[in-house]
$ cat run.cif   # mmCIF, C-alpha atoms
data_model
#
loop_
_atom_site.label_atom_id
_atom_site.label_comp_id
_atom_site.auth_asym_id
_atom_site.auth_seq_id
_atom_site.Cartn_x
_atom_site.Cartn_y
_atom_site.Cartn_z
CA GLY E 1 40.05 -55.36 93.88
CA LEU E 2 42.53 -52.62 93.91
CA PHE E 3 45.55 -52.45 96.13
CA VAL E 4 47.81 -49.56 96.72
CA TRP E 5 51.52 -49.42 97.09
CA HIS E 6 54.21 -46.74 97.22
CA LEU E 7 56.81 -46.25 94.54
CA GLN E 8 59.86 -46.47 96.83
CA ASN E 9 61.07 -49.91 95.86
CA PRO E 10 64.81 -50.25 95.15
CA GLY E 11 64.05 -52.61 92.21
CA ILE E 12 62.53 -49.73 90.25
CA ARG E 13 66.00 -48.44 89.35
CA GLN E 14 66.40 -51.36 86.93
CA VAL E 15 63.49 -50.12 84.70
CA PRO E 16 64.58 -48.25 81.52
CA CYS E 17 65.10 -44.54 81.68
CA GLN E 18 61.91 -43.40 80.00
CA PHE E 19 59.76 -45.61 82.14
CA VAL E 20 61.52 -44.21 85.23
CA HIS E 21 60.78 -40.70 84.00
CA LEU E 22 57.09 -41.51 83.72
CA CYS E 23 57.09 -43.03 87.14
CA ARG E 24 58.85 -40.06 88.77
CA VAL E 25 55.91 -37.88 87.79
CA ALA E 26 53.78 -39.88 90.14
CA ASN E 27 56.57 -40.18 92.78
CA GLY E 28 55.41 -39.49 96.25
CA ARG E 29 51.77 -40.28 95.36
CA LEU E 30 49.61 -43.37 95.60
CA ILE E 31 48.55 -44.83 92.23
CA THR E 32 46.12 -47.57 91.31
CA PHE E 33 46.69 -50.71 89.31
CA GLN E 34 44.84 -49.28 86.26
CA TYR E 35 47.14 -46.27 86.25
CA PHE E 36 50.18 -48.53 86.41
CA ASN E 37 48.84 -50.53 83.46
CA PHE E 38 48.37 -47.27 81.51
CA LEU E 39 51.98 -46.25 82.17
CA LYS E 40 53.18 -49.61 80.91
CA ARG E 41 51.23 -49.21 77.63
CA MET E 42 52.55 -45.71 77.13
CA TYR E 43 56.07 -47.10 77.43
CA VAL E 44 55.39 -49.80 74.82
CA THR E 45 53.78 -47.51 72.26
CA GLN E 46 56.53 -44.90 72.47
CA TYR E 47 59.05 -47.41 71.15
CA ASN E 48 56.66 -48.79 68.53
CA LYS E 49 54.67 -46.04 66.81
CA ASP E 50 52.95 -48.52 64.46
CA LEU E 51 51.31 -50.28 67.37
CA SER E 52 49.02 -47.39 68.22
CA GLN E 53 45.43 -48.47 68.59
CA ARG E 54 43.04 -47.70 65.74
CA ALA E 55 39.36 -46.98 66.24
CA LYS E 56 37.18 -49.43 64.39
CA PRO E 57 34.56 -47.54 62.29
CA LYS E 58 31.05 -47.93 63.53
CA SER E 59 28.68 -49.72 61.18
CA ASP E 60 25.84 -47.67 59.69
CA SER E 61 22.52 -48.29 61.38
CA VAL E 62 20.53 -46.95 58.44
CA ALA E 63 20.32 -49.27 55.47
CA SER E 64 22.08 -47.70 52.52
CA PRO E 65 20.46 -47.70 49.07
CA PHE E 66 23.39 -49.55 47.57
CA ARG E 67 23.95 -53.26 47.60
CA GLU E 68 26.49 -54.24 50.22
CA LEU E 69 28.63 -57.30 50.32
CA GLN E 70 27.34 -60.24 52.27
CA GLN E 71 30.72 -60.56 53.93
CA LEU E 72 30.17 -57.26 55.73
CA ASP E 73 26.72 -58.32 56.88
CA GLN E 74 28.07 -61.58 58.25
CA GLU E 75 31.18 -60.05 59.74
CA LYS E 76 31.62 -60.87 63.38
CA LYS E 77 32.86 -58.41 65.90
CA VAL E 78 36.25 -59.42 67.22
CA ILE E 79 36.95 -58.30 70.78
CA HIS E 80 40.58 -58.39 71.81
CA LYS E 81 41.06 -58.64 75.51
CA ILE E 82 44.09 -57.11 77.15
CA ARG E 83 45.70 -59.43 79.58
CA PRO E 84 46.12 -57.75 82.94
CA ILE E 85 49.52 -57.62 84.55
CA SER E 86 49.97 -59.14 87.92
CA PRO E 87 50.90 -56.55 90.51
CA VAL E 88 54.33 -57.84 91.42
CA HIS E 89 57.22 -55.74 92.61
CA GLN E 90 59.63 -57.22 90.09
CA PRO E 91 60.67 -55.07 87.07
CA LEU E 92 59.31 -55.67 83.58
CA SER E 93 61.26 -58.36 81.83
CA GLU E 94 62.13 -58.42 78.15
CA THR E 95 60.07 -61.57 77.56
CA SER E 96 56.86 -59.94 78.81
CA SER E 97 57.40 -56.90 76.59
CA ARG E 98 58.00 -59.14 73.57
CA ASN E 99 54.78 -61.04 74.26
CA GLU E 100 52.86 -57.78 74.40
CA LEU E 101 54.41 -56.69 71.11
CA ARG E 102 53.40 -59.95 69.44
CA GLU E 103 49.82 -59.60 70.65
CA MET E 104 49.54 -56.05 69.38
CA LYS E 105 51.07 -57.05 66.01
CA SER E 106 48.46 -59.79 65.64
CA VAL E 107 45.73 -57.25 66.36
CA ALA E 108 47.19 -54.91 63.73
CA GLU E 109 47.31 -57.73 61.17
CA ILE E 110 43.65 -58.61 61.79
CA GLU E 111 42.61 -54.98 61.39
CA GLY E 112 44.72 -54.74 58.23
CA SER E 113 42.89 -57.71 56.75
CA ILE E 114 39.51 -56.07 57.46
CA THR E 115 40.38 -52.71 55.84
CA PRO E 116 40.55 -54.07 52.23
CA VAL E 117 37.05 -55.48 52.62
CA ARG E 118 35.78 -52.11 53.79
CA ALA E 119 37.59 -50.36 50.92
CA GLU E 120 35.88 -52.67 48.44
CA ALA E 121 32.53 -51.96 50.07
CA LYS E 122 33.07 -48.20 49.68
CA GLU E 123 33.93 -48.65 46.02
CA ASP E 124 30.71 -50.62 45.48
CA ARG E 125 28.67 -47.86 47.10
CA GLN E 126 30.01 -45.13 44.83
CA TRP E 127 28.44 -44.15 41.50
CA LYS E 128 30.10 -45.73 38.51
CA GLU E 129 29.93 -44.85 34.85
CA MET E 130 27.73 -47.25 32.92
CA LYS E 131 29.37 -48.85 29.93
CA LEU E 132 27.44 -48.83 26.69
CA ARG E 133 27.21 -52.13 24.86
CA LEU E 134 26.33 -52.33 21.19
CA ASP E 135 23.64 -54.90 21.89
CA ASP E 136 21.75 -52.44 24.09
CA LEU E 137 22.17 -49.46 21.76
CA PRO E 138 19.02 -50.03 19.60
CA GLY E 139 16.78 -50.26 22.66
CA ILE E 140 18.35 -47.19 24.24
CA LEU E 141 17.94 -45.14 21.06
CA ALA E 142 14.34 -46.33 20.77
CA ARG E 143 13.59 -45.03 24.27
CA LEU E 144 15.48 -41.82 23.52
CA SER E 145 13.31 -41.17 20.48
CA LYS E 146 10.08 -42.22 22.29
CA ILE E 147 9.33 -44.90 19.76
CA LYS E 148 5.66 -45.28 20.80
CA LEU E 149 4.97 -41.57 20.39
CA THR E 150 6.83 -41.60 17.08
CA ALA E 151 4.66 -44.50 15.89
CA LEU E 152 1.53 -42.48 16.77
CA VAL E 153 2.85 -39.48 14.84
CA VAL E 154 3.60 -41.59 11.76
CA SER E 155 0.16 -43.24 11.92
CA THR E 156 -1.66 -39.89 12.02
CA ALA E 157 0.46 -38.62 9.11
CA SER E 158 -0.43 -41.78 7.19
CA ALA E 159 -4.11 -41.15 7.92
CA GLY E 160 -3.81 -37.66 6.50
CA PHE E 161 -2.12 -39.04 3.39
CA ALA E 162 -4.85 -41.68 2.98
CA MET E 163 -7.66 -39.14 3.37
CA ALA E 164 -6.34 -36.88 0.61
CA PRO E 165 -8.57 -36.84 -2.51
CA VAL E 166 -5.82 -37.95 -4.90
CA PRO E 167 -4.67 -41.32 -6.26
CA PHE E 168 -2.54 -43.27 -3.82
CA ASP E 169 1.21 -43.07 -4.56
CA LEU E 170 3.15 -45.76 -2.68
CA THR E 171 6.59 -44.19 -3.17
CA CYS E 172 5.48 -40.79 -1.94
CA PHE E 173 3.68 -42.43 0.98
CA LEU E 174 6.81 -44.29 2.12
CA LEU E 175 9.03 -41.23 1.78
CA ALA E 176 6.56 -39.07 3.72
CA SER E 177 6.20 -41.66 6.49
CA LEU E 178 9.96 -42.14 6.81
CA GLY E 179 10.68 -38.40 6.84
CA THR E 180 7.96 -37.74 9.41
CA GLY E 181 9.28 -40.52 11.64
CA LEU E 182 12.85 -39.21 11.49
CA ALA E 183 11.67 -35.69 12.31
CA SER E 184 9.71 -37.00 15.29
CA CYS E 185 12.75 -38.95 16.56
CA ALA E 186 14.88 -35.82 16.35
CA ALA E 187 12.35 -33.68 18.22
CA ASN E 188 11.89 -36.24 21.00
CA SER E 189 15.64 -36.68 21.45
CA ILE E 190 16.24 -32.95 21.77
CA ASN E 191 13.34 -32.73 24.22
CA GLN E 192 14.94 -35.36 26.48
CA PHE E 193 18.32 -33.62 26.19
CA PHE E 194 16.86 -30.39 27.60
CA GLU E 195 14.80 -32.02 30.36
CA VAL E 196 17.39 -34.26 32.05
CA PRO E 197 17.50 -32.36 35.40
CA PHE E 198 13.69 -32.24 35.55
CA ASP E 199 13.07 -35.81 34.43
CA SER E 200 15.31 -37.07 37.24
CA ASN E 201 12.77 -35.80 39.81
CA MET E 202 9.80 -37.66 38.29
CA ASN E 203 9.01 -41.32 38.77
CA ARG E 204 7.57 -41.47 35.25
CA THR E 205 10.75 -40.26 33.55
CA LYS E 206 13.59 -41.13 35.95
CA ASN E 207 14.54 -44.23 33.93
CA ARG E 208 15.11 -42.42 30.64
CA PRO E 209 18.50 -43.11 29.02
CA LEU E 210 20.02 -39.67 29.59
CA VAL E 211 18.84 -39.56 33.20
CA ARG E 212 20.38 -42.93 34.01
CA GLY E 213 23.58 -42.13 32.17
CA GLN E 214 23.19 -44.92 29.63
CA LEU E 215 23.93 -42.43 26.88
CA SER E 216 26.14 -39.37 26.76
CA PRO E 217 24.54 -36.00 25.91
CA LEU E 218 26.88 -35.62 22.94
CA LEU E 219 25.73 -38.93 21.49
CA ALA E 220 22.08 -37.93 22.02
CA VAL E 221 22.59 -34.66 20.16
CA CYS E 222 24.42 -36.45 17.34
CA PHE E 223 21.57 -38.94 17.07
CA ALA E 224 19.02 -36.10 16.92
CA ALA E 225 21.00 -34.36 14.19
CA SER E 226 21.42 -37.59 12.21
CA CYS E 227 17.62 -38.04 12.29
CA GLY E 228 16.48 -34.44 11.85
CA VAL E 229 18.66 -33.36 8.93
CA PRO E 230 17.94 -36.40 6.69
CA GLY E 231 14.29 -36.35 7.71
CA ILE E 232 13.73 -32.74 6.68
CA ALA E 233 15.81 -33.21 3.54
CA LEU E 234 13.75 -36.26 2.61
CA LEU E 235 10.47 -34.41 3.11
CA THR E 236 11.67 -31.36 1.17
CA LEU E 237 13.40 -33.04 -1.76
CA GLY E 238 11.58 -36.37 -1.92
CA VAL E 239 8.03 -35.17 -1.22
CA ASN E 240 7.55 -31.40 -1.59
CA PRO E 241 8.90 -28.20 0.03
CA LEU E 242 5.63 -27.47 1.85
CA THR E 243 5.76 -30.75 3.76
CA GLY E 244 9.44 -30.21 4.57
CA ALA E 245 8.71 -26.72 5.91
CA LEU E 246 5.93 -28.11 8.10
CA GLY E 247 8.29 -30.77 9.46
CA ALA E 248 10.99 -28.24 10.29
CA PHE E 249 8.45 -25.91 11.89
CA ASN E 250 7.10 -28.76 14.01
CA ILE E 251 10.59 -29.62 15.33
CA PHE E 252 11.16 -25.96 16.21
CA LEU E 253 7.75 -25.67 17.88
CA TYR E 254 8.26 -28.80 19.96
CA THR E 255 11.84 -28.19 21.11
CA CYS E 256 12.09 -24.40 21.34
CA CYS E 257 8.54 -23.43 22.33
CA TYR E 258 6.71 -26.33 23.96
CA THR E 259 9.66 -27.71 25.97
CA PRO E 260 10.60 -24.48 27.83
CA MET E 261 6.96 -23.43 28.22
CA LYS E 262 6.26 -26.56 30.28
CA ARG E 263 7.95 -24.83 33.24
CA MET E 264 6.57 -21.35 32.55
CA SER E 265 2.86 -21.38 31.71
CA ILE E 266 -0.12 -23.70 31.27
CA ALA E 267 -0.29 -22.45 27.68
CA ASN E 268 2.18 -25.25 26.89
CA THR E 269 -0.79 -27.64 26.57
CA TRP E 270 -2.26 -25.64 23.68
CA VAL E 271 1.14 -25.35 22.00
CA GLY E 272 1.65 -29.11 22.38
CA ALA E 273 -1.77 -29.70 20.84
CA VAL E 274 -0.67 -27.73 17.77
CA VAL E 275 2.45 -29.89 17.58
CA GLY E 276 0.29 -33.02 17.56
CA ALA E 277 -2.10 -31.58 14.97
CA ILE E 278 0.58 -30.90 12.33
CA PRO E 279 1.46 -34.54 11.34
CA PRO E 280 -1.93 -35.30 9.65
CA VAL E 281 -1.63 -31.96 7.85
CA MET E 282 1.82 -33.06 6.65
CA GLY E 283 0.32 -36.28 5.33
CA TRP E 284 -2.33 -34.34 3.42
CA THR E 285 0.19 -31.89 1.95
CA ALA E 286 2.50 -34.78 1.02
CA ALA E 287 -0.28 -36.24 -1.14
CA THR E 288 -1.79 -33.04 -2.57
CA GLY E 289 1.00 -30.45 -2.27
CA SER E 290 -1.41 -27.83 -0.89
CA LEU E 291 -3.20 -26.83 2.29
CA ASP E 292 -6.90 -27.50 1.82
CA ALA E 293 -9.92 -27.54 4.08
CA GLY E 294 -9.54 -31.29 4.55
CA ALA E 295 -6.03 -30.82 5.98
CA LEU E 296 -7.30 -28.25 8.46
CA LEU E 297 -10.19 -30.53 9.45
CA LEU E 298 -7.84 -33.44 10.18
CA GLY E 299 -5.59 -31.12 12.13
CA GLY E 300 -8.59 -29.86 14.11
CA ILE E 301 -9.65 -33.41 15.02
CA LEU E 302 -6.15 -34.22 16.28
CA TYR E 303 -6.00 -30.88 18.09
CA SER E 304 -9.23 -31.49 20.02
CA TRP E 305 -8.47 -35.15 20.72
CA GLN E 306 -5.25 -34.31 22.56
CA PHE E 307 -6.96 -32.35 25.35
CA PRO E 308 -9.00 -35.21 26.85
CA HIS E 309 -6.07 -37.53 26.19
CA PHE E 310 -3.38 -35.44 27.87
CA ASN E 311 -5.50 -33.82 30.59
CA ALA E 312 -6.68 -37.22 31.77
CA LEU E 313 -3.10 -38.50 31.73
CA SER E 314 -1.70 -35.50 33.62
CA TRP E 315 -4.43 -35.77 36.28
CA GLY E 316 -2.94 -39.00 37.57
CA LEU E 317 0.60 -37.57 37.39
CA ARG E 318 0.02 -34.34 39.30
CA GLU E 319 2.50 -35.25 42.04
CA ASP E 320 5.16 -36.10 39.48
CA TYR E 321 4.64 -32.90 37.49
CA SER E 322 4.70 -30.83 40.65
CA ARG E 323 7.93 -32.51 41.81
CA GLY E 324 9.53 -31.97 38.41
CA GLY E 325 8.63 -28.28 38.33
CA TYR E 326 6.25 -28.47 35.35
CA CYS E 327 3.41 -25.97 35.09
CA MET E 328 0.41 -28.07 34.06
CA MET E 329 -3.30 -27.37 34.23
CA SER E 330 -3.84 -30.42 36.42
CA VAL E 331 -1.44 -28.94 39.02
CA THR E 332 -2.18 -25.20 38.98
CA HIS E 333 -5.73 -25.08 37.52
CA PRO E 334 -7.48 -28.41 38.18
CA GLY E 335 -10.95 -27.04 37.44
CA LEU E 336 -9.85 -25.63 34.08
CA CYS E 337 -8.17 -28.94 33.26
CA ARG E 338 -11.48 -30.81 33.58
CA ARG E 339 -13.52 -28.16 31.74
CA VAL E 340 -11.14 -28.05 28.77
CA ALA E 341 -11.20 -31.84 28.48
CA LEU E 342 -15.02 -31.87 28.38
CA ARG E 343 -15.20 -29.02 25.84
CA HIS E 344 -12.95 -30.74 23.35
CA CYS E 345 -14.78 -34.06 23.78
CA LEU E 346 -17.91 -32.24 22.61
CA ALA E 347 -15.90 -30.48 19.87
CA LEU E 348 -15.13 -33.88 18.32
CA ILE E 349 -18.85 -34.32 17.62
CA GLY E 350 -19.00 -30.98 15.83
CA LEU E 351 -15.85 -31.62 13.78
CA SER E 352 -17.20 -35.01 12.68
CA THR E 353 -20.36 -33.26 11.46
CA VAL E 354 -18.34 -30.72 9.45
CA ALA E 355 -16.50 -33.43 7.46
CA PRO E 356 -19.32 -34.19 4.96
CA ALA E 357 -20.08 -30.49 4.62
CA LEU E 358 -16.53 -29.98 3.36
CA ASP E 359 -17.01 -32.81 0.87
CA ILE E 360 -14.40 -35.00 2.56
CA THR E 361 -16.65 -37.85 3.73
CA THR E 362 -20.19 -38.99 3.14
CA TRP E 363 -23.04 -38.15 5.51
CA THR E 364 -22.83 -41.59 7.02
CA PHE E 365 -19.61 -40.61 8.84
CA PRO E 366 -21.28 -38.34 11.45
CA VAL E 367 -23.90 -41.02 12.12
CA ILE E 368 -21.43 -43.90 12.52
CA SER E 369 -18.96 -41.86 14.58
CA LEU E 370 -21.66 -40.46 16.87
CA PRO E 371 -21.69 -43.41 19.37
CA ILE E 372 -17.95 -43.33 20.01
CA ASN E 373 -17.95 -39.53 20.23
CA LEU E 374 -20.85 -39.63 22.68
CA TYR E 375 -19.08 -42.25 24.77
CA ILE E 376 -15.87 -40.22 25.12
CA SER E 377 -18.01 -37.16 25.89
CA TYR E 378 -19.76 -39.12 28.63
CA LEU E 379 -16.41 -40.11 30.12
CA GLY E 380 -15.28 -36.49 29.83
CA PHE E 381 -18.38 -35.40 31.76
CA ARG E 382 -17.69 -37.98 34.48
CA PHE E 383 -14.11 -36.73 34.70
CA TYR E 384 -15.42 -33.18 35.03
CA ARG E 385 -17.95 -34.17 37.71
CA ASP E 386 -15.99 -36.69 39.80
CA ALA E 387 -12.43 -35.34 39.41
CA ASP E 388 -10.81 -38.55 40.66
CA ARG E 389 -8.19 -40.97 39.40
CA SER E 390 -10.74 -43.58 38.34
CA SER E 391 -12.60 -41.27 35.96
CA SER E 392 -9.38 -39.81 34.55
CA ARG E 393 -7.98 -43.29 33.93
CA LYS E 394 -11.13 -44.38 32.07
CA LEU E 395 -11.05 -41.26 29.89
CA PHE E 396 -7.37 -41.78 29.10
CA PHE E 397 -7.77 -45.41 28.06
CA CYS E 398 -10.84 -44.53 26.00
CA SER E 399 -8.81 -41.92 24.11
CA LEU E 400 -6.27 -44.59 23.16
CA TRP E 401 -8.77 -46.55 21.07
CA HIS E 402 -11.04 -43.63 20.17
CA LEU E 403 -8.61 -41.94 17.76
CA PRO E 404 -7.75 -44.97 15.60
CA MET E 405 -11.42 -45.97 15.55
CA LEU E 406 -12.49 -42.48 14.47
CA LEU E 407 -9.85 -42.28 11.74
CA LEU E 408 -10.76 -45.74 10.49
CA VAL E 409 -14.46 -44.83 10.27
CA MET E 410 -13.51 -41.60 8.55
CA PHE E 411 -11.45 -43.49 5.98
CA THR E 412 -14.24 -45.97 5.26
CA CYS E 413 -16.69 -43.10 4.73
CA LYS E 414 -14.29 -41.13 2.56
CA LYS E 415 -15.56 -39.95 -0.79
CA SER E 416 -13.77 -41.73 -3.58
CA PHE E 417 -11.58 -39.89 -6.03
CA LEU E 418 -13.68 -41.11 -8.98
CA GLU E 419 -16.86 -39.58 -7.57
CA LYS E 420 -15.17 -36.24 -7.14
CA GLU E 421 -13.67 -36.44 -10.62
CA ASP E 422 -17.05 -37.23 -12.17
CA LYS E 423 -18.60 -34.40 -10.21
CA GLY E 424 -15.90 -32.04 -11.41
CA ASP E 425 -16.40 -33.15 -15.01
CA LEU E 426 -20.13 -32.68 -14.60
CA LEU E 427 -19.65 -29.18 -13.29
CA GLY E 428 -17.21 -28.47 -16.09
CA GLY E 429 -19.69 -29.80 -18.68
CA ASN E 430 -22.55 -27.67 -17.34
CA HIS E 431 -20.28 -24.67 -17.39
CA GLY E 432 -19.38 -25.42 -21.04
CA ARG E 433 -23.05 -25.74 -21.98
CA ALA E 434 -23.82 -22.45 -20.32
CA MET E 435 -21.04 -20.83 -22.33
CA GLU E 436 -22.40 -22.36 -25.52
CA ILE E 437 -25.86 -21.02 -24.76
CA ARG E 438 -24.47 -17.57 -24.16
CA LEU E 439 -22.50 -17.58 -27.40
CA PRO E 440 -24.48 -16.37 -30.51
#
$ encode --input "run.cif" --output "structure tokens"
Amino acid sequence: GLFVWHLQNPGIRQVPCQFVHLCRVANGRLITFQYFNFLKRMYVTQYNKDLSQRAKPKSDSVASPFRELQQLDQEKKVIHKIRPISPVHQPLSETSSRNELREMKSVAEIEGSITPVRAEAKEDRQWKEMKLRLDDLPGILARLSKIKLTALVVSTASAGFAMAPVPFDLTCFLLASLGTGLASCAANSINQFFEVPFDSNMNRTKNRPLVRGQLSPLLAVCFAASCGVPGIALLTLGVNPLTGALGAFNIFLYTCCYTPMKRMSIANTWVGAVVGAIPPVMGWTAATGSLDAGALLLGGILYSWQFPHFNALSWGLREDYSRGGYCMMSVTHPGLCRRVALRHCLALIGLSTVAPALDITTWTFPVISLPINLYISYLGFRFYRDADRSSSRKLFFCSLWHLPMLLLVMFTCKKSFLEKEDKGDLLGGNHGRAMEIRLP
């Protein structure tokens, strides 16, 4: 309960001056016990500025994405009770004021012990620079260069080298494969360097080294230069200038044309298909030193294969591409995306039929390759008709084994170099006989 009394007690004159000044404000009025307690605390805190009460920060109700310390989760709330003062008419003694000071000092010490824990928690929640270890560097560089895509590029270049109608040269083959791989690593690294702000918005690419900060941009550019310059030099000096020019043109096309066009127009898919069609042409030119009909045929097969492969892949990543700001057929023109995939599935059948007509393979190649070409065309038709994730996924996985199977069948049905040489000698002999007949 509350009781009321009047401040006209003669014992009040023994209270210190400042306390008397505070009390005179309320002189002639009736005050409550709570107000008297407040006046007493004001008197104590004026002499001790460090004993001012501090508001304890409220804990976040929303779970933060960072890992917090278990000590903060298990921290108990400490409630400090203020001991009420008995309403006696005697003046405040020095012992009571000392006891109050001790209690408030203990509270300040407890709060001081809690603040370092909260400071550590804030430091753990902040972003920190990741330190690069030498043991992790090979794996990081492999992901920077897209090692799986680079392996596909080297394999298609090797297929072009193997399909060339010349004797197999192991040294030239190794130099061409190494130079093509280095050029591909350089192009992929530069591509990731340019697309860091866009890759961070996509679930598919948010864990790339440059996005996560595992590698500095300067180191990525240095790695691209250390791969691109030796790769082009190796293709130009070790193989032939034509192959080196194709490698340099492919790096330019991939980094300076295809990469910016991905956010401008759906024509980037056709430009990217040209980029993927050049490696088998480089393999052919590395073996022969010239651009023949066989090189263009191999490039055409790789060009058409990429549309069902990439369109089916992008269909399941439409949300990611839209979030990243990429202009893809699957996002802006879904009907065109499915039609283009089906057209190029059927184009693979026609290109396989042209191979024996160009004297690259025997006529058994179109017959043997017909079942796998019909199967991918059937999956392309289902993708065009159903337009769902299931059909796109089946078409994508079929394209993964379709290309190596088609190239392997093409290599087994390749016309041997001896047959072509005998045929050339036969044509040369007939031409010589005709000249002899014409001569008198």
$ resolve_selection --input "run.cif" --expression "the PyMOL selection byres ((chain E and resi 263) around 6)" --output "count of residues only"
5
$ resolve_selection --input "run.cif" --expression "the PyMOL selection byres ((chain E and resi 371) around 12)" --output "CSV table (one decimal) with C-alpha atoms, in the coordinates of the input"
chain,number,residue,atom,x,y,z
E,348,LEU,CA,-15.1,-33.9,18.3
E,349,ILE,CA,-18.8,-34.3,17.6
E,352,SER,CA,-17.2,-35.0,12.7
E,365,PHE,CA,-19.6,-40.6,8.8
E,366,PRO,CA,-21.3,-38.3,11.4
E,367,VAL,CA,-23.9,-41.0,12.1
E,368,ILE,CA,-21.4,-43.9,12.5
E,369,SER,CA,-19.0,-41.9,14.6
E,370,LEU,CA,-21.7,-40.5,16.9
E,372,ILE,CA,-18.0,-43.3,20.0
E,373,ASN,CA,-18.0,-39.5,20.2
E,374,LEU,CA,-20.8,-39.6,22.7
E,375,TYR,CA,-19.1,-42.2,24.8
E,376,ILE,CA,-15.9,-40.2,25.1
E,377,SER,CA,-18.0,-37.2,25.9
E,378,TYR,CA,-19.8,-39.1,28.6
E,402,HIS,CA,-11.0,-43.6,20.2
E,405,MET,CA,-11.4,-46.0,15.6
E,406,LEU,CA,-12.5,-42.5,14.5
E,409,VAL,CA,-14.5,-44.8,10.3
$ resolve_selection --input "run.cif" --expression "the PyMOL selection byres ((chain E and resi 303) around 10)" --output "PDB file with C-alpha atoms, in the frame of the given file"
ATOM      1  CA  TRP E 270      -2.260 -25.640  23.680  1.00  0.00           C
ATOM      2  CA  VAL E 271       1.140 -25.350  22.000  1.00  0.00           C
ATOM      3  CA  GLY E 272       1.650 -29.110  22.380  1.00  0.00           C
ATOM      4  CA  ALA E 273      -1.770 -29.700  20.840  1.00  0.00           C
ATOM      5  CA  VAL E 274      -0.670 -27.730  17.770  1.00  0.00           C
ATOM      6  CA  VAL E 275       2.450 -29.890  17.580  1.00  0.00           C
ATOM      7  CA  GLY E 276       0.290 -33.020  17.560  1.00  0.00           C
ATOM      8  CA  ALA E 277      -2.100 -31.580  14.970  1.00  0.00           C
ATOM      9  CA  ILE E 278       0.580 -30.900  12.330  1.00  0.00           C
ATOM     10  CA  LEU E 297     -10.190 -30.530   9.450  1.00  0.00           C
ATOM     11  CA  LEU E 298      -7.840 -33.440  10.180  1.00  0.00           C
ATOM     12  CA  GLY E 299      -5.590 -31.120  12.130  1.00  0.00           C
ATOM     13  CA  GLY E 300      -8.590 -29.860  14.110  1.00  0.00           C
ATOM     14  CA  ILE E 301      -9.650 -33.410  15.020  1.00  0.00           C
ATOM     15  CA  LEU E 302      -6.150 -34.220  16.280  1.00  0.00           C
ATOM     16  CA  SER E 304      -9.230 -31.490  20.020  1.00  0.00           C
ATOM     17  CA  TRP E 305      -8.470 -35.150  20.720  1.00  0.00           C
ATOM     18  CA  GLN E 306      -5.250 -34.310  22.560  1.00  0.00           C
ATOM     19  CA  PHE E 307      -6.960 -32.350  25.350  1.00  0.00           C
ATOM     20  CA  HIS E 344     -12.950 -30.740  23.350  1.00  0.00           C
ATOM     21  CA  LEU E 348     -15.130 -33.880  18.320  1.00  0.00           C
TER      22      LEU E 348
END
$ atom_distance --input "run.cif" --atom1 "CA of Pro308 (chain E)" --atom2 "CA of Met410 (chain E)"
19.9 Å
$ residues_around --input "run.cif" --residues "region 143-157 of chain E" --least-positions-apart "2" --cutoff "6 Å" --atoms "all atoms listed in the file" --output "short mmCIF file (atom, residue, chain, number, x, y, z; two decimals) with C-alpha atoms, in the coordinates of the input"
data_model
loop_
_atom_site.label_atom_id
_atom_site.label_comp_id
_atom_site.auth_asym_id
_atom_site.auth_seq_id
_atom_site.Cartn_x
_atom_site.Cartn_y
_atom_site.Cartn_z
CA ILE E 140 18.35 -47.19 24.24
CA LEU E 141 17.94 -45.14 21.06
CA ALA E 159 -4.11 -41.15 7.92
CA GLY E 160 -3.81 -37.66 6.50
CA SER E 177 6.20 -41.66 6.49
CA GLY E 181 9.28 -40.52 11.64
CA SER E 184 9.71 -37.00 15.29
CA CYS E 185 12.75 -38.95 16.56
CA ASN E 188 11.89 -36.24 21.00
CA SER E 189 15.64 -36.68 21.45
CA PRO E 279 1.46 -34.54 11.34
CA PRO E 280 -1.93 -35.30 9.65
CA GLY E 283 0.32 -36.28 5.33
#
$ residues_around --input "run.cif" --residues "Met328 (chain E)" --least-positions-apart "2" --cutoff "10 Å" --atoms "only C-alpha atoms" --output "PyMOL selection string"
chain E and resi 261-269+311+314-315+318+321-322+325-326+330-334+337
$ atom_distance --input "run.cif" --atom1 "CA of Phe252 (chain E)" --atom2 "CA of Thr171 (chain E)"
27.0 Å
$ atom_distance --input "run.cif" --atom1 "CA of Phe411 (chain E)" --atom2 "CA of Phe173 (chain E)"
16.0 Å
$ closest_residue --input "run.cif" --among "E:Ile232, E:Ala295, E:Ala341, E:Pro197" --to "His309 (chain E)" --atoms "all atoms listed in the file"
E:Ala341
